[in-house]
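Trainee: Mind looking over this structure? Questions follow.
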Amino acid sequence: MAAPPPPAAALPDELVQEILARLPPDDPASLLRASLVCKAWGLAVSHPGFRRRLHELHQAPPLLGFLPSWASDDTCTFIPTTASSFSLHAPDWHSCRAVDCRHGRALFLSVNQHAETLLVWEPITGAQNRLPVPAAYDSAKPFPGALMYSNAAVLCAADRCDHRDCLGGPFRVVFVFEEHTKEEQNVTSACVYSPEAGAWGELTSLHTELSIEITDNSSVLVGSSLLYFRASASVLEYDLARHALTLFVPPDNDENVRFNLILTEDGRLGLIEDWCPHLKLWTLEKGSEDTDAQWVLSRVINLHNFFPASARLSEGYGVWVMGFVEGANVIFVNSLAGVFTIELQSEEVRKVFVHSSFGNLVPVVTFYTPVLRGVQQHLLVSKPSGEAGGEEGGEGGKTIDQAQKLFDKGSNAISKGDFVNTFKCVSHDHNIRSAPIEELVKGTTREDDAGDSKTSGSSVEDAAPSSEKCNSQEVLR
């Protein structure tokens with residue numbers, strides 16, 4: 001009998017990364033499957049340099065889904081918009097409201113009116129940082145638990161960062177709020193939180209005769225230092241470099257006209273108004289020393305051309321622009337027929353959710369990369385008590401037949417979008433078939449500002465299984 005052929009030589013890590021980087025970035029499940037082929041591939045896609053290669057190859061990161069700021073009780077905490085079933089274990093919107101997402105981090109504000117806190121969450125690693133709201137915000141309340149107009153934004157704070165791999169790096173949180181003083185004045189204030197200092201910086205304030213009523217819509221970042229927040233009938237600018245606030249009036253100075261902030265294709269501040277069945281797109285043209293900035297109408301989109309009859313636009317029912325996707329030039333629109341995305345350049349419309357029972361939403365835009373090391377460590381240290389050898393029995397039960405059963409079970413879980421069971425089954429299958437991975441895997445822990453320590457692992461590790469109600473898409477044009 002002829003001797004079996006020698007095993008094929010392993011591909012170099014650089015070549016593995018180059019191949020896997022060409023998987024569709026808007027189909028994270030394909031990269032997840034690839035990371036489970038073997039340990040070498042899993043480690044290759046979890047390497048920090050792999051994220052940089054994804055940015056170099058695909059440029060703009062994909063839209064993975066969105067976080068509802070509030071919705072009906074049966075709504076998932078994260079709703080995917082990807083080509084295949086996918087889920088992230090986001091903080092529960094019942095206890096904290098999503099307010100912003102940028103540079104690989106999402107920001108939440110707790111809904112506990114008696115002990116408000118902010119939470120910074122990394123969707124890819126699962127890392128969390130909790131921080132208190134500014135003391136000035138708490139002290140400005142007329143009584144404990146009083147509601148006040150406020151909003152916040154999160155952004156990377158690393159010097160000269162291109163945001164291709166700034167996970168785990170320094171960040172800043174900008175908090176803006178409005179108070180009504182005893183002198184019958186309305187004061188809008190802003191301050192910045194630095195995790196390195198562990199404290200909020202000094203306030204900067206803007207006095208106005210009337211309340212501007214800051215909304216909870218996500219902010220828009222222009223360049224690296226200009227943040228814009230929407231108010232009920234105005235636009236609030238915060239300049240991080242100058243630590244100064246400025247107020248702009250929208251093109252139609254009418255509080256009954258709904259609008260949302262966007263970025264234009266060339267990176268300038270824009271604004272989109274709901275004039276159902278039309279959307280008006282405006283650009284803010286900066287003025288000179290002698291002239292003020294002014295809004296210029298750039299486009300008008302007729303929604304009748306894109307939306308299905310079930311939206312009932314012809315019967316006078318309107319739409320609601322819920323959010324703008326920075327870096328993707330996409331808006332989310334709510335209607336009677338469900339939630340849609342509109343790509344502003346191509347005007348392609350895609351139905352991404354069947355229900356319309358939403359408030360505002362926060363888009364999640366980032367490249368998905370499995371953080372396999374944290375997941376594997378979690379599986380090694382979190383076995384149920386009394387089980388020496390994992391889910392399928394002790395050391396004596398670790399057979400190839402059981403390994404195949406685990407692999408088949410994991411494959412079935414992938415087809416259903418159940419990534420929790422995917423990792424459990426396929427990772428135990430790898431443990432049976434190959435050498436121990438303890439020496440390859442070392443998790444990391446991070447401490448938040450309250451002193452809590454959390455294991456940093458893949459966001460898919462804790463992912464809730466996707467269901468039809470959280471993943472419903474249809475391309476309309």
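Naming works like this for the structure tokens: A, B, ... for the chains as they're shown, residue 1 at the start of each chain, ligands 1 onward in shown order.
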To test your reading of the structure, identify every residue in range 121-354 of chain A that backbone DSSP assigns to strand (DSSP E), and report it as a PyMOL selection string.
Mentor: chain A and resi 121+128-132+150-156+171-180+186-194+199-200+204-208+220-222+226-230+235-239+244-248+259-263+269-275+278-285+294-302+320-325+330-335+338-343+349-353
Trainee: Need the shell around Trp320 in chain A: protein/DNA/RNA residues with any atom at most 10 Å away, counting only C-alpha atoms. Skip same-chain ones fewer than 4 positions apart. Format as a PDB file with N, CA, C and O atoms, in the first residue's frame?
Mentor:
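Written output follows (around.pdb):
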ATOM      1  N   ARG A 258     -39.749  68.822  10.239  1.00  0.00           N
ATOM      2  CA  ARG A 258     -38.816  67.846  10.790  1.00  0.00           C
ATOM      3  C   ARG A 258     -37.560  67.785   9.929  1.00  0.00           C
ATOM      4  O   ARG A 258     -37.643  67.772   8.693  1.00  0.00           O
ATOM      5  N   PHE A 259     -36.418  67.743  10.591  1.00  0.00           N
ATOM      6  CA  PHE A 259     -35.172  67.660   9.847  1.00  0.00           C
ATOM      7  C   PHE A 259     -34.174  66.816  10.622  1.00  0.00           C
ATOM      8  O   PHE A 259     -34.335  66.541  11.810  1.00  0.00           O
ATOM      9  N   ASN A 260     -33.125  66.401   9.925  1.00  0.00           N
ATOM     10  CA  ASN A 260     -32.052  65.632  10.527  1.00  0.00           C
ATOM     11  C   ASN A 260     -30.738  66.074   9.915  1.00  0.00           C
ATOM     12  O   ASN A 260     -30.700  66.539   8.768  1.00  0.00           O
ATOM     13  N   GLU A 273     -34.614  67.582   5.163  1.00  0.00           N
ATOM     14  CA  GLU A 273     -35.933  67.939   5.677  1.00  0.00           C
ATOM     15  C   GLU A 273     -37.000  66.989   5.140  1.00  0.00           C
ATOM     16  O   GLU A 273     -36.943  66.570   3.983  1.00  0.00           O
ATOM     17  N   ASP A 274     -37.984  66.681   6.003  1.00  0.00           N
ATOM     18  CA  ASP A 274     -39.117  65.855   5.588  1.00  0.00           C
ATOM     19  C   ASP A 274     -40.237  66.763   5.084  1.00  0.00           C
ATOM     20  O   ASP A 274     -40.889  67.449   5.873  1.00  0.00           O
ATOM     21  N   TRP A 275     -40.419  66.773   3.771  1.00  0.00           N
ATOM     22  CA  TRP A 275     -41.556  67.468   3.171  1.00  0.00           C
ATOM     23  C   TRP A 275     -42.320  66.416   2.357  1.00  0.00           C
ATOM     24  O   TRP A 275     -42.301  66.422   1.133  1.00  0.00           O
ATOM     25  N   CYS A 276     -42.914  65.478   3.073  1.00  0.00           N
ATOM     26  CA  CYS A 276     -43.515  64.314   2.423  1.00  0.00           C
ATOM     27  C   CYS A 276     -44.503  64.751   1.326  1.00  0.00           C
ATOM     28  O   CYS A 276     -45.323  65.660   1.562  1.00  0.00           O
ATOM     29  N   PHE A 332     -31.675  56.432   7.437  1.00  0.00           N
ATOM     30  CA  PHE A 332     -32.752  55.530   7.844  1.00  0.00           C
ATOM     31  C   PHE A 332     -34.056  56.312   7.820  1.00  0.00           C
ATOM     32  O   PHE A 332     -34.122  57.438   8.318  1.00  0.00           O
ATOM     33  N   VAL A 333     -35.084  55.682   7.258  1.00  0.00           N
ATOM     34  CA  VAL A 333     -36.391  56.317   7.135  1.00  0.00           C
ATOM     35  C   VAL A 333     -37.450  55.364   7.681  1.00  0.00           C
ATOM     36  O   VAL A 333     -37.478  54.176   7.317  1.00  0.00           O
ATOM     37  N   ASN A 334     -38.324  55.886   8.533  1.00  0.00           N
ATOM     38  CA  ASN A 334     -39.416  55.100   9.099  1.00  0.00           C
ATOM     39  C   ASN A 334     -40.720  55.445   8.377  1.00  0.00           C
ATOM     40  O   ASN A 334     -40.949  56.609   8.040  1.00  0.00           O
ATOM     41  N   SER A 335     -41.545  54.440   8.155  1.00  0.00           N
ATOM     42  CA  SER A 335     -42.815  54.655   7.478  1.00  0.00           C
ATOM     43  C   SER A 335     -43.818  53.612   7.949  1.00  0.00           C
ATOM     44  O   SER A 335     -43.477  52.707   8.720  1.00  0.00           O
ATOM     45  N   LEU A 336     -45.052  53.704   7.473  1.00  0.00           N
ATOM     46  CA  LEU A 336     -46.056  52.699   7.811  1.00  0.00           C
ATOM     47  C   LEU A 336     -45.648  51.316   7.332  1.00  0.00           C
ATOM     48  O   LEU A 336     -46.057  50.305   7.906  1.00  0.00           O
ATOM     49  N   VAL A 339     -39.097  50.063   8.292  1.00  0.00           N
ATOM     50  CA  VAL A 339     -37.896  50.899   8.311  1.00  0.00           C
ATOM     51  C   VAL A 339     -37.081  50.615   7.053  1.00  0.00           C
ATOM     52  O   VAL A 339     -36.836  49.454   6.701  1.00  0.00           O
ATOM     53  N   GLY A 359     -38.502  54.767  17.979  1.00  0.00           N
ATOM     54  CA  GLY A 359     -38.165  56.161  18.163  1.00  0.00           C
ATOM     55  C   GLY A 359     -36.972  56.426  17.264  1.00  0.00           C
ATOM     56  O   GLY A 359     -36.940  56.012  16.106  1.00  0.00           O
ATOM     57  N   ASN A 360     -35.957  57.063  17.793  1.00  0.00           N
ATOM     58  CA  ASN A 360     -34.747  57.261  17.008  1.00  0.00           C
ATOM     59  C   ASN A 360     -33.894  56.003  17.051  1.00  0.00           C
ATOM     60  O   ASN A 360     -34.117  55.093  17.845  1.00  0.00           O
TER      61      ASN A 360
END
Trainee: Pick the closest to Ile272 in chain A from A:Pro250, A:Gly287, A:Pro308, A:Gly338: which is it, counting only C-alpha atoms?
Mentor: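 Ranking A:Pro250, A:Gly287, A:Pro308, A:Gly338 by distance to Ile272 in chain A, first place goes to A:Pro250.
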Trainee: Please run DSSP on the backbone and report, as an NGL selection string, all residues within range 66-168 of chain A that come out as helix (DSSP H, G or I).
Mentor: :A and (135-139)
Trainee: Point out the residue among A:Val349, A:Val176, A:Leu279, A:Leu240 with the least atom-to-atom distance to Tyr137 in chain A, counting only C-alpha atoms.
Mentor: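 Comparing A:Val349, A:Val176, A:Leu279, A:Leu240 against Tyr137 in chain A, the winner is A:Val176.
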Trainee: Please provide as number ranges by chain all residues within 9 Å of range 282-284 of chain A, with the sequence filter that same-chain residues fewer than 4 positions apart are discarded (counting only C-alpha atoms).
Mentor: A: 251, 263-264, 268-273, 293-299
Trainee: Go ahead and save the residues from that selection, with C-alpha atoms, as a PDB file, in the first residue's frame.
Mentor:
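result.pdb was written with the following content:
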ATOM      1  CA  PRO A 251     -33.116  76.794   6.217  1.00  0.00           C
ATOM      2  CA  LEU A 263     -22.755  64.873   6.004  1.00  0.00           C
ATOM      3  CA  THR A 264     -22.451  65.818   2.364  1.00  0.00           C
ATOM      4  CA  ARG A 268     -19.514  69.276   4.906  1.00  0.00           C
ATOM      5  CA  LEU A 269     -22.487  69.694   7.208  1.00  0.00           C
ATOM      6  CA  GLY A 270     -25.793  68.963   5.537  1.00  0.00           C
ATOM      7  CA  LEU A 271     -29.414  68.829   6.532  1.00  0.00           C
ATOM      8  CA  ILE A 272     -32.330  66.770   5.269  1.00  0.00           C
ATOM      9  CA  GLU A 273     -35.933  67.939   5.677  1.00  0.00           C
ATOM     10  CA  ALA A 293     -22.956  80.918   6.713  1.00  0.00           C
ATOM     11  CA  GLN A 294     -26.004  80.073   4.636  1.00  0.00           C
ATOM     12  CA  TRP A 295     -27.958  76.967   3.639  1.00  0.00           C
ATOM     13  CA  VAL A 296     -28.003  76.024  -0.059  1.00  0.00           C
ATOM     14  CA  LEU A 297     -30.559  73.564  -1.472  1.00  0.00           C
ATOM     15  CA  SER A 298     -28.659  70.777  -3.237  1.00  0.00           C
ATOM     16  CA  ARG A 299     -31.249  68.078  -4.063  1.00  0.00           C
TER      17      ARG A 299
END
Trainee: So which one's closest to Ala21 in chain A, A:Ser288, A:Gly49, A:Pro4, A:Ser189? Using only C-alpha atoms, please.
Mentor: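 With only C-alpha atoms as the atom set, the closest residue is A:Gly49.
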Trainee: Taking only C-alpha atoms into account, name the residue in A:Leu63, A:Cys161, A:Leu107, A:Leu221 that is nearest to Pro28 in chain A.
Mentor: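 Closest candidate: A:Leu63.
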